[in-house]
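See below for coords05.txt, which holds compact mmCIF, C-alpha atoms.
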```txt
# COMPACT_ATOMS: atom_id res chain seq x y z
CA MET A 1 2.60 -36.42 -22.38
CA SER A 2 3.92 -35.01 -25.64
CA THR A 3 5.50 -31.55 -25.77
CA SER A 4 2.81 -30.20 -28.09
CA LEU A 5 0.09 -31.37 -25.71
CA ARG A 6 1.91 -29.78 -22.77
CA ARG A 7 2.04 -26.50 -24.65
CA PHE A 8 -1.65 -26.77 -25.37
CA ARG A 9 -2.66 -27.41 -21.76
CA LYS A 10 -2.27 -23.74 -20.81
CA TYR A 11 -5.01 -22.90 -23.31
CA LEU A 12 -7.17 -25.91 -22.40
CA PHE A 13 -9.30 -24.14 -19.81
CA THR A 14 -9.68 -21.03 -21.96
CA VAL A 15 -11.09 -23.25 -24.71
CA LEU A 16 -13.27 -25.15 -22.23
CA LEU A 17 -14.61 -21.92 -20.78
CA THR A 18 -15.40 -20.49 -24.20
CA VAL A 19 -17.10 -23.66 -25.44
CA SER A 20 -19.13 -23.93 -22.22
CA SER A 21 -20.21 -20.30 -22.50
CA VAL A 22 -21.46 -20.86 -26.05
CA ILE A 23 -23.30 -24.08 -25.14
CA PHE A 24 -24.91 -22.56 -22.06
CA ALA A 25 -25.85 -19.39 -23.95
CA LEU A 26 -27.80 -21.52 -26.42
CA ASP A 27 -29.64 -23.32 -23.62
CA ALA A 28 -32.10 -20.84 -22.13
CA SER A 29 -32.99 -23.16 -19.24
CA ALA A 30 -29.40 -23.63 -18.06
CA ASP A 31 -28.90 -22.33 -14.53
CA LEU A 32 -25.44 -20.85 -14.40
CA LYS A 33 -23.50 -18.03 -12.85
CA VAL A 34 -20.73 -16.34 -14.80
CA ASP A 35 -18.08 -14.33 -13.01
CA PHE A 36 -15.36 -12.09 -14.45
CA SER A 37 -12.85 -10.29 -12.30
CA SER A 38 -9.59 -8.44 -12.62
CA SER A 39 -7.17 -7.21 -10.02
CA GLY A 40 -3.75 -5.68 -9.84
CA GLY A 41 -1.13 -4.65 -7.36
CA TYR A 42 2.49 -4.04 -6.53
CA THR A 43 4.58 -6.11 -4.15
CA GLU A 44 7.88 -5.34 -2.49
CA ASN A 45 8.79 -9.01 -2.25
CA LEU A 46 7.25 -11.15 -4.96
CA LEU A 47 8.60 -14.49 -3.78
CA SER A 48 8.58 -13.78 -0.02
CA ASP A 49 12.25 -14.61 0.27
CA SER A 50 15.66 -12.91 0.42
CA SER A 51 15.51 -12.05 -3.27
CA ALA A 52 13.13 -9.18 -2.42
CA ILE A 53 11.96 -8.90 -6.02
CA LYS A 54 9.72 -5.87 -6.49
CA ASP A 55 7.14 -6.13 -9.21
CA SER A 56 3.68 -5.17 -10.30
CA TYR A 57 1.11 -7.76 -11.27
CA SER A 58 -2.32 -7.91 -12.79
CA THR A 59 -4.74 -10.81 -12.93
CA VAL A 60 -7.84 -11.53 -14.97
CA ARG A 61 -10.15 -14.40 -14.07
CA ALA A 62 -13.29 -15.91 -15.49
CA SER A 63 -15.44 -18.69 -14.09
CA ILE A 64 -18.70 -20.42 -14.79
CA ASN A 65 -20.74 -22.23 -12.14
CA TYR A 66 -23.34 -24.55 -13.60
CA TYR A 67 -26.12 -26.28 -11.66
CA PRO A 68 -27.49 -29.26 -13.65
CA PHE A 69 -29.69 -30.11 -10.65
CA SER A 70 -30.19 -28.67 -7.20
CA LYS A 71 -27.64 -30.84 -5.43
CA LEU A 72 -24.70 -30.40 -7.77
CA GLU A 73 -22.48 -27.47 -8.66
CA LEU A 74 -19.98 -27.71 -11.51
CA ASN A 75 -17.29 -25.12 -11.97
CA ILE A 76 -14.90 -24.18 -14.76
CA ASN A 77 -12.42 -21.42 -14.10
CA ASN A 78 -9.47 -19.85 -15.79
CA GLY A 79 -7.12 -17.01 -14.97
CA TYR A 80 -3.98 -15.33 -16.19
CA THR A 81 -1.50 -13.37 -14.10
CA TYR A 82 0.94 -11.01 -15.77
CA TYR A 83 4.05 -9.63 -14.07
CA GLY A 84 5.56 -6.34 -15.21
CA LYS A 85 9.32 -6.84 -14.79
CA THR A 86 9.54 -10.59 -14.33
CA SER A 87 7.18 -11.32 -17.19
CA ASP A 88 8.51 -14.88 -17.54
CA LEU A 89 6.71 -15.69 -14.28
CA SER A 90 3.38 -14.87 -15.92
CA ASN A 91 1.15 -17.89 -15.75
CA PHE A 92 -2.20 -19.47 -16.55
CA VAL A 93 -4.26 -21.18 -13.85
CA GLY A 94 -7.28 -23.16 -14.94
CA GLY A 95 -9.43 -25.77 -13.35
CA VAL A 96 -12.63 -27.71 -13.11
CA GLY A 97 -14.45 -28.73 -9.95
CA LEU A 98 -17.65 -30.05 -8.50
CA ARG A 99 -19.52 -29.96 -5.20
CA PHE A 100 -22.23 -32.46 -4.47
CA ILE A 101 -24.58 -32.23 -1.47
CA PRO A 102 -27.06 -35.12 -1.65
CA THR A 103 -28.77 -34.43 1.69
CA ALA A 104 -31.78 -32.18 2.30
CA ALA A 105 -31.46 -28.60 3.56
CA ASN A 106 -33.43 -29.28 6.77
CA SER A 107 -31.78 -32.61 7.41
CA ARG A 108 -30.00 -33.59 10.61
CA PHE A 109 -27.48 -35.42 8.49
CA SER A 110 -25.41 -33.56 5.90
CA LEU A 111 -22.94 -34.85 3.37
CA LEU A 112 -20.61 -32.90 1.13
CA VAL A 113 -18.50 -34.39 -1.65
CA ASN A 114 -16.13 -32.21 -3.59
CA GLY A 115 -13.51 -32.76 -6.24
CA ALA A 116 -11.34 -30.49 -8.30
CA PHE A 117 -8.56 -30.49 -10.82
CA SER A 118 -6.44 -27.47 -11.56
CA SER A 119 -3.37 -26.81 -13.63
CA GLN A 120 -0.87 -23.98 -13.45
CA ALA A 121 1.35 -23.32 -16.45
CA TYR A 122 4.20 -20.82 -16.60
CA ARG A 123 6.11 -19.58 -19.59
CA ASP A 124 8.82 -21.89 -20.96
CA SER A 125 11.70 -20.44 -18.93
CA TYR A 126 9.88 -21.28 -15.67
CA SER A 127 8.04 -24.36 -16.87
CA GLN A 128 9.67 -26.47 -14.11
CA PHE A 129 7.08 -24.88 -11.79
CA ASN A 130 4.12 -26.15 -13.84
CA THR A 131 1.79 -28.15 -11.63
CA ASP A 132 -1.30 -30.28 -11.77
CA ASN A 133 -3.39 -30.39 -8.63
CA TYR A 134 -6.02 -33.00 -7.75
CA ASP A 135 -8.39 -32.55 -4.81
CA PHE A 136 -10.98 -34.84 -3.34
CA GLY A 137 -12.97 -34.42 -0.16
CA LEU A 138 -15.83 -36.05 1.69
CA SER A 139 -17.37 -34.56 4.83
CA LEU A 140 -20.20 -35.73 7.04
CA GLY A 141 -22.15 -33.81 9.62
CA TYR A 142 -24.87 -34.73 12.08
CA ARG A 143 -26.98 -32.33 14.17
CA LEU A 144 -27.48 -34.13 17.45
CA PHE A 145 -29.38 -31.15 18.88
CA SER A 146 -29.89 -27.69 17.47
CA ARG A 147 -26.99 -26.60 19.70
CA LEU A 148 -24.70 -29.58 19.19
CA GLN A 149 -23.31 -30.63 15.84
CA LEU A 150 -20.87 -33.39 15.00
CA ARG A 151 -18.66 -33.42 11.93
CA SER A 152 -16.05 -35.61 10.32
CA GLY A 153 -14.30 -35.78 6.99
CA VAL A 154 -11.45 -36.93 4.82
CA SER A 155 -9.58 -35.17 2.07
CA TYR A 156 -6.90 -36.09 -0.41
CA ASN A 157 -4.67 -33.81 -2.41
CA SER A 158 -2.08 -34.62 -5.01
CA LEU A 159 0.28 -31.94 -6.28
CA ILE A 160 2.27 -33.03 -9.31
CA TYR A 161 5.03 -31.08 -10.99
CA THR A 162 4.64 -31.88 -14.66
CA ASN A 163 8.18 -30.89 -15.70
CA TYR A 164 10.14 -31.67 -12.58
CA VAL A 165 10.90 -34.72 -10.45
CA GLY A 166 11.23 -34.51 -6.69
CA ALA A 167 8.65 -32.02 -5.43
CA ASP A 168 5.41 -33.96 -5.87
CA LYS A 169 3.26 -34.24 -2.74
CA LYS A 170 0.36 -36.44 -1.78
CA THR A 171 -1.57 -35.38 1.31
CA PHE A 172 -4.27 -37.26 3.19
CA LYS A 173 -6.27 -35.69 6.01
CA LEU A 174 -8.80 -37.09 8.44
CA PHE A 175 -10.63 -34.98 10.99
CA ALA A 176 -13.55 -35.17 13.42
CA GLY A 177 -15.03 -32.74 15.86
CA PHE A 178 -18.06 -31.18 17.42
CA ASN A 179 -19.48 -27.70 17.94
CA ALA A 180 -21.61 -27.00 21.01
CA THR A 181 -23.35 -23.80 22.05
CA LEU A 182 -23.29 -23.51 25.82
CA PRO A 183 -25.51 -21.29 27.94
CA GLY A 184 -24.55 -17.60 27.64
CA ASN A 185 -23.75 -17.90 23.93
CA PHE A 186 -20.43 -19.55 24.67
CA SER A 187 -19.37 -21.83 21.84
CA LEU A 188 -17.10 -24.81 22.31
CA ASP A 189 -15.57 -26.27 19.17
CA VAL A 190 -13.27 -29.26 19.54
CA GLU A 191 -11.55 -30.83 16.57
CA SER A 192 -9.07 -33.63 16.28
CA GLY A 193 -7.34 -34.75 13.14
CA TYR A 194 -4.56 -36.64 11.49
CA ALA A 195 -2.71 -35.64 8.35
CA THR A 196 0.03 -37.36 6.44
CA MET A 197 2.00 -36.16 3.44
CA GLY A 198 4.22 -38.23 1.20
CA TYR A 199 7.07 -36.29 -0.36
CA LYS A 200 10.62 -36.60 -1.56
CA ARG A 201 13.52 -35.10 0.32
CA ILE A 202 17.23 -34.79 -0.36
CA ARG A 203 19.27 -37.58 1.24
CA GLU A 204 21.34 -36.72 4.32
CA SER A 205 24.45 -37.89 2.48
CA ILE A 206 24.14 -35.03 -0.01
CA ARG A 207 26.26 -32.21 1.37
CA PHE A 208 26.35 -29.79 -1.54
CA ILE A 209 23.72 -28.61 -3.98
CA TYR A 210 24.70 -26.66 -7.05
CA ILE A 211 23.26 -23.31 -6.02
CA TYR A 212 22.78 -21.90 -9.51
CA ASN A 213 20.47 -24.72 -10.43
CA PRO A 214 19.21 -26.33 -7.21
CA PHE A 215 16.23 -27.84 -8.97
CA THR A 216 18.25 -30.10 -11.25
CA PRO A 217 16.58 -33.47 -10.89
CA ILE A 218 19.08 -36.12 -9.85
CA ASP A 219 17.08 -39.18 -8.90
CA SER A 220 19.76 -40.65 -6.67
CA SER A 221 19.70 -37.50 -4.50
CA TRP A 222 16.12 -38.04 -3.43
CA THR A 223 14.49 -40.38 -0.99
CA ASP A 224 10.83 -40.87 -0.13
CA ASP A 225 9.66 -39.61 3.23
CA ARG A 226 6.42 -39.02 5.06
CA LEU A 227 5.34 -36.16 7.30
CA LYS A 228 2.68 -36.93 9.89
CA SER A 229 0.65 -34.67 12.12
CA PHE A 230 -1.89 -35.35 14.85
CA TYR A 231 -3.70 -32.59 16.62
CA ILE A 232 -6.43 -31.86 19.16
CA SER A 233 -7.68 -28.30 18.93
CA PRO A 234 -10.26 -27.00 21.40
CA ARG A 235 -11.67 -23.52 20.80
CA LEU A 236 -13.85 -21.56 23.17
CA SER A 237 -15.54 -18.45 21.83
CA ARG A 238 -18.22 -16.03 22.96
CA GLN A 239 -20.38 -13.48 21.22
CA LEU A 240 -19.75 -9.99 22.63
CA GLY A 241 -22.38 -8.24 20.55
CA ALA A 242 -24.45 -8.95 17.46
CA LYS A 243 -21.42 -8.49 15.22
CA THR A 244 -18.44 -8.98 17.52
CA GLY A 245 -16.89 -11.98 19.17
CA VAL A 246 -13.81 -13.26 20.89
CA SER A 247 -12.26 -16.68 20.70
CA VAL A 248 -9.45 -18.57 22.34
CA MET A 249 -7.95 -21.56 20.55
CA TYR A 250 -5.34 -24.01 21.75
CA THR A 251 -3.77 -26.66 19.55
CA MET B 252 0.92 -44.69 38.63
CA ARG B 253 0.90 -43.45 35.04
CA HIS B 254 -1.89 -45.91 34.22
CA TYR B 255 -3.92 -44.52 37.13
CA ARG B 256 -3.46 -40.92 35.89
CA ALA B 257 -4.57 -41.87 32.39
CA GLN B 258 -7.68 -43.51 33.83
CA THR B 259 -8.46 -40.42 35.89
CA ALA B 260 -7.99 -38.12 32.89
CA PHE B 261 -10.22 -40.35 30.78
CA PHE B 262 -12.86 -40.38 33.51
CA PHE B 263 -12.86 -36.57 33.76
CA CYS B 264 -13.05 -36.19 29.96
CA LEU B 265 -15.97 -38.62 29.81
CA ALA B 266 -17.76 -36.88 32.69
CA GLY B 267 -17.19 -33.51 31.02
CA LEU B 268 -18.58 -34.80 27.73
CA ILE B 269 -21.68 -36.24 29.44
CA PHE B 270 -22.18 -32.95 31.33
CA LEU B 271 -21.77 -30.99 28.08
CA ILE B 272 -24.23 -33.08 26.10
CA GLY B 273 -26.68 -33.03 29.01
CA SER B 274 -26.56 -29.25 29.45
CA VAL B 275 -26.88 -28.67 25.70
CA ALA B 276 -29.78 -31.11 25.44
CA LEU B 277 -31.60 -29.56 28.41
CA THR B 278 -31.26 -25.99 27.12
CA ALA B 279 -32.24 -26.79 23.52
CA GLU B 280 -35.80 -25.78 22.70
CA PRO B 281 -37.28 -27.84 19.85
CA GLY B 282 -38.40 -25.79 16.87
CA ARG B 283 -36.46 -22.69 17.89
CA THR B 284 -33.48 -21.36 15.94
CA HIS B 285 -30.60 -21.12 18.39
CA PHE B 286 -27.44 -19.06 18.25
CA VAL B 287 -24.63 -21.16 16.76
CA ASP B 288 -21.08 -19.95 16.16
CA LEU B 289 -19.20 -22.44 14.00
CA ASP B 290 -16.04 -20.42 13.37
CA GLY B 291 -15.63 -18.45 16.61
CA ASP B 292 -16.10 -15.02 15.05
CA GLY B 293 -19.07 -14.08 17.26
CA PHE B 294 -21.52 -14.07 14.34
CA ASP B 295 -24.58 -16.24 14.48
CA ASP B 296 -23.94 -18.84 11.79
CA ASN B 297 -27.63 -19.70 11.71
CA ALA B 298 -28.14 -16.27 10.15
CA THR B 299 -27.97 -16.18 6.37
CA ASP B 300 -25.60 -14.01 4.37
CA SER B 301 -27.43 -13.75 1.06
CA ASP B 302 -25.17 -11.06 -0.41
CA ASN B 303 -21.97 -12.88 0.60
CA ASP B 304 -20.42 -9.81 2.21
CA GLY B 305 -19.42 -11.74 5.31
CA ILE B 306 -22.03 -9.99 7.46
CA PRO B 307 -25.30 -11.87 8.01
CA GLU B 308 -28.60 -10.11 7.42
CA PHE B 309 -29.74 -10.12 11.05
CA SER B 310 -32.74 -7.88 10.30
CA LYS B 311 -34.18 -10.46 7.91
CA GLN B 312 -34.28 -13.34 10.35
CA PRO B 313 -35.49 -15.97 10.31
CA SER B 314 -34.68 -16.79 6.75
CA SER B 315 -35.34 -19.98 4.85
CA GLY B 316 -31.77 -21.08 5.38
CA SER B 317 -31.99 -20.80 9.13
CA GLN B 318 -34.93 -23.08 9.62
CA VAL B 319 -33.16 -25.54 11.84
CA SER B 320 -35.51 -28.11 13.22
CA ASP B 321 -34.94 -31.43 14.87
CA ASN B 322 -37.34 -33.21 12.54
CA ASP B 323 -35.66 -35.88 10.52
CA SER B 324 -36.78 -35.72 6.90
CA ASP B 325 -33.35 -36.50 5.68
CA PHE B 326 -32.80 -39.44 3.50
CA LYS B 327 -36.06 -39.10 1.58
CA SER B 328 -34.63 -36.36 -0.59
CA LEU B 329 -31.45 -38.20 -1.50
CA ALA B 330 -33.02 -38.98 -4.86
CA ASP B 331 -34.62 -35.58 -5.37
CA PHE B 332 -32.57 -34.32 -8.31
CA SER B 333 -35.06 -31.79 -9.64
CA LEU B 334 -34.10 -30.42 -13.04
CA PRO B 335 -34.23 -26.70 -13.76
CA GLY B 336 -37.35 -25.57 -15.61
CA LEU B 337 -37.98 -22.76 -18.03
CA THR B 338 -40.15 -21.05 -15.41
CA ALA B 339 -37.52 -21.17 -12.67
CA THR B 340 -37.45 -18.04 -10.52
CA GLU B 341 -34.65 -16.75 -8.32
CA GLU B 342 -36.14 -18.63 -5.35
CA THR B 343 -36.82 -21.91 -7.16
CA SER B 344 -33.77 -21.99 -9.42
CA THR B 345 -31.36 -24.86 -8.93
CA SER B 346 -28.60 -22.44 -7.98
CA ALA B 347 -30.79 -21.00 -5.19
CA LYS B 348 -31.63 -24.50 -3.99
CA PHE B 349 -27.95 -25.43 -4.03
CA LYS B 350 -27.20 -22.33 -1.99
CA GLY B 351 -29.71 -23.54 0.60
CA LEU B 352 -27.98 -26.91 0.71
CA GLN B 353 -24.62 -25.20 1.04
CA PHE B 354 -26.00 -23.39 4.07
CA SER B 355 -27.03 -26.66 5.66
CA ALA B 356 -23.54 -28.09 5.07
CA ARG B 357 -21.65 -24.97 6.13
CA SER B 358 -20.07 -26.64 9.15
CA LEU B 359 -18.44 -29.17 6.84
CA MET B 360 -16.61 -26.62 4.73
CA ARG B 361 -13.95 -25.79 7.25
CA ASN B 362 -11.47 -27.72 9.33
CA ARG B 363 -8.22 -26.99 11.10
CA CYS B 364 -6.32 -29.88 9.58
CA SER B 365 -3.26 -28.74 7.66
CA LEU B 366 0.40 -29.60 7.19
CA ASP B 367 1.39 -26.20 5.83
CA SER B 368 3.93 -24.53 8.09
CA ASP B 369 2.17 -21.17 7.85
CA ALA B 370 -1.30 -22.56 8.30
CA ALA B 371 -1.28 -22.35 12.12
CA PHE B 372 -4.23 -24.75 12.07
CA GLY B 373 -6.51 -21.81 11.41
CA PRO B 374 -9.87 -21.97 9.70
CA GLY B 375 -10.09 -21.78 5.97
CA ASN B 376 -7.56 -24.47 5.18
CA GLY B 377 -10.27 -26.66 3.86
CA ILE B 378 -10.66 -28.98 1.00
CA GLY B 379 -11.17 -27.66 -2.50
CA MET B 380 -9.52 -25.23 -4.82
CA SER B 381 -8.06 -23.20 -1.98
CA SER B 382 -5.43 -25.87 -1.49
CA MET B 383 -4.21 -25.44 -5.03
CA SER B 384 -0.98 -23.91 -3.78
CA GLY B 385 -0.31 -26.65 -1.23
CA GLY B 386 3.33 -26.88 -0.33
CA MET B 387 4.17 -23.71 -2.22
CA VAL B 388 5.24 -20.22 -1.28
CA CYS B 389 2.92 -17.75 -2.96
CA ALA B 390 3.01 -13.99 -3.26
CA GLY B 391 1.22 -11.71 -5.63
CA GLY B 392 -0.28 -14.68 -7.39
CA VAL B 393 2.96 -16.49 -8.12
CA CYS B 394 3.91 -19.70 -6.34
CA GLN B 395 7.12 -21.64 -5.99
CA PRO B 396 8.16 -24.73 -4.03
CA ARG B 397 9.19 -24.15 -0.42
```

Take the structure in the file and give it back as structure tokens.
Amino acid sequence: MSTSLRRFRKYLFTVLLTVSSVIFALDASADLKVDFSSSGGYTENLLSDSSAIKDSYSTVRASINYYPFSKLELNINNGYTYYGKTSDLSNFVGGVGLRFIPTAANSRFSLLVNGAFSSQAYRDSYSQFNTDNYDFGLSLGYRLFSRLQLRSGVSYNSLIYTNYVGADKKTFKLFAGFNATLPGNFSLDVESGYATMGYKRIRESIRFIYIYNPFTPIDSSWTDDRLKSFYISPRLSRQLGAKTGVSVMYT
Amino acid sequence: MRHYRAQTAFFFCLAGLIFLIGSVALTAEPGRTHFVDLDGDGFDDNATDSDNDGIPEFSKQPSSGSQVSDNDSDFKSLADFSLPGLTATEETSTSAKFKGLQFSARSLMRNRCSLDSDAAFGPGNGIGMSSMSGGMVCAGGVCQPR
């Protein structure tokens, strides 16, 4: 991707959002929800590490949800976060996404398909943190009885650093489980799943990393690796009152 | 010996599952909306939360979203992609219909499957935009690689 295009990408979702707003405003029958929000705060440790950087931050966000038909939701969102002292960390986050539910509301069988793309772009001095994120998910559910529901799903995520080699991650998840309501409003939820993540790690033979620039990409320093996880997680919970509950989970 | 123990454990798991399904099936009353807690918070997840404040409107039950029946009308509506009309109201708008569908698929929107070290396999680590910061340390809206 050319440098000029990379510079433009941080404004891409702002342009998309503006164009969509104009188009939808002209179409009186368009069913859409527009959301604007802003927030701010102060943190004693911005990066949650030993640097203990104190800073204030403020965020503005805008999003449009559009429903071309009753089973599909499209989303465009954009946000900008500004940091008071460490202003170079200020960044744009924009994305597009969809959720598709082709099954009926009173159906025993339910299906959810979702996909999203988002991009985070920092200022030039921190552009090595710029990322593109791709998400895809497919989930299935089946109501065996009104008190027993089965579910299963897969999801895939790809996190790509656009200006840096070595930190990209590709994650695949598979899960299945059931939720049963037992007599006495006890709920038993059992889930089992498998997740695997492909990533690059520094070779064991590398003993020293130049501390002032640890993110310098040296291809020979990296090797591909894969993290795997398998879990069985039963959870027993009980309603104590209309708005209170207790749960015990073991994984 | 180990093979025998595995067989015994499998037998007990299978018996437990059969007992569970049997007891749930026997206590289920067709046509009635039962208490269901999908996330273990003690709230009835068959109750709708129309204002999205996290607290269901118990006083307004049963709502359209909680009409859980065992009738199978399912696959007929796979091709029902009704377009929004100029006369769409809040109840008949496509966004309201989508919200109803979302309610029916609410159990699919959460799972405990995660590789993040701080995830603790808790709920809310689902698919979608929430995983945008996967593999990153985030604070105050800024993220960096672990």

Handout entry: Interatomic distance (Å, one decimal) between atom CA of A:Leu150 and atom CA of B:Ala356
Key = 11.6 Å

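Restricting the calculation to only C-alpha atoms, the smallest distance between B:Val287 and any of A:Ser187, A:Ser229, A:Ser205, A:Thr196 is found for A:Ser187.
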
Do you have, as a tab-separated table, the list of residues of chain A lying at most 6 Å from chain B, each with its nearest atom pair and that distance in Å to one decimal, counting all atoms listed in the file and ordered by chain then number?
```
residue	atom	partner	partner_atom	distance
A:Ser29	CA	B:Leu337	CA	5.2
A:Leu46	CA	B:Ala390	CA	5.4
A:Leu47	CA	B:Ala390	CA	5.6
A:Tyr67	CA	B:Ser346	CA	5.9
A:Phe69	CA	B:Leu334	CA	5.0
A:Ser70	CA	B:Thr345	CA	4.3
A:Lys71	CA	B:Phe349	CA	5.6
A:Pro102	CA	B:Leu329	CA	5.4
A:Thr103	CA	B:Leu329	CA	5.6
A:Ala104	CA	B:Asp325	CA	5.7
A:Ala105	CA	B:Leu352	CA	4.8
A:Ser107	CA	B:Asp325	CA	4.5
A:Ser110	CA	B:Ala356	CA	5.8
A:Ser139	CA	B:Leu359	CA	5.9
A:Ser237	CA	B:Gly291	CA	5.2
A:Gln239	CA	B:Gly293	CA	4.2
A:Lys243	CA	B:Phe294	CA	5.6
A:Thr244	CA	B:Gly293	CA	5.1
A:Gly245	CA	B:Gly293	CA	3.6
A:Ser247	CA	B:Gly291	CA	5.6
```

Problem - Pick from A:Asn75, A:Val113, A:Tyr231, A:Asp168 nearest to A:Leu16, counting all atoms listed in the file - result: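 Closest candidate: A:Asn75.
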
Problem - Residue with smallest distance to A:Asp35 - pool A:Ile53, A:Ile101, A:Leu89, A:Val60, counting only C-alpha atoms - result: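 Smallest separation from A:Asp35 among the options: A:Val60.
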
Exercise for the section: Select, from A:Glu191, A:Asp88, A:Asp225, A:Asp135, the residue with the minimum atom-to-atom distance to A:Arg151, counting only C-alpha atoms. Expected result: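 Once distances to A:Arg151 are computed over only C-alpha atoms, the minimum belongs to A:Glu191.
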
Practice task
Could you check how far atom CA of B:Leu268 sits from atom CA of A:Ser192, in Å to one decimal?
Solution key: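 Separation of atom CA of B:Leu268 and atom CA of A:Ser192: 14.9 Å.
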
Handout entry: Atomic separation - atom CA of A:Lys173 relative to atom CA of A:Asn133, Å
Key = 15.8 Å

Handout entry: Non-local contacts of A:Gly115 (8 Å; all atoms listed in the file; under 3 positions in same chain excluded) as a PyMOL selection string
Key = (chain A and resi 97-99+134-137) or (chain B and resi 379)

Exercise for the section: Kindly indicate which residue among A:Arg147, A:Asn114, A:Val19, A:Ala52 lies nearest to B:Asp296, using only C-alpha atoms for the distances. Expected result: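 That would be A:Arg147, the residue with the smallest distance to B:Asp296.
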
Problem - All residues 12 Å or closer to A:Ser21, all atoms listed in the file, same chain fewer than 5 positions away omitted, as number ranges by chain - result: A: 13-16, 26-28, 30-35, 62-66, 75-77

Using all atoms of stretch 49-56 of chain A that appear in the file, construct an axis-aligned enclosing box with 8 Å of padding on every side and provide its centre coordinates and edge lengths in Å, rounded to one decimal, as AutoDock Vina command-line options.
```
--center_x 9.7 --center_y -9.9 --center_z -4.9 --size_x 28.0 --size_y 25.4 --size_z 26.7
```

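Those residues that approach A:Tyr122 to within 9 Å, counting all atoms listed in the file, are Lys10, Asp88, Leu89, Ser90, Asn91, Phe92, Val93, Gln128, Phe129 and Asn130 of chain A; same-chain residues fewer than 6 positions away are not listed.
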
Exercise for the section: Kindly indicate which residue among A:Ala116, A:Gly166, A:Phe109, A:Leu174 lies nearest to A:Phe145, using all atoms listed in the file for the distances. Expected result: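 The closest residue to A:Phe145 is A:Phe109.
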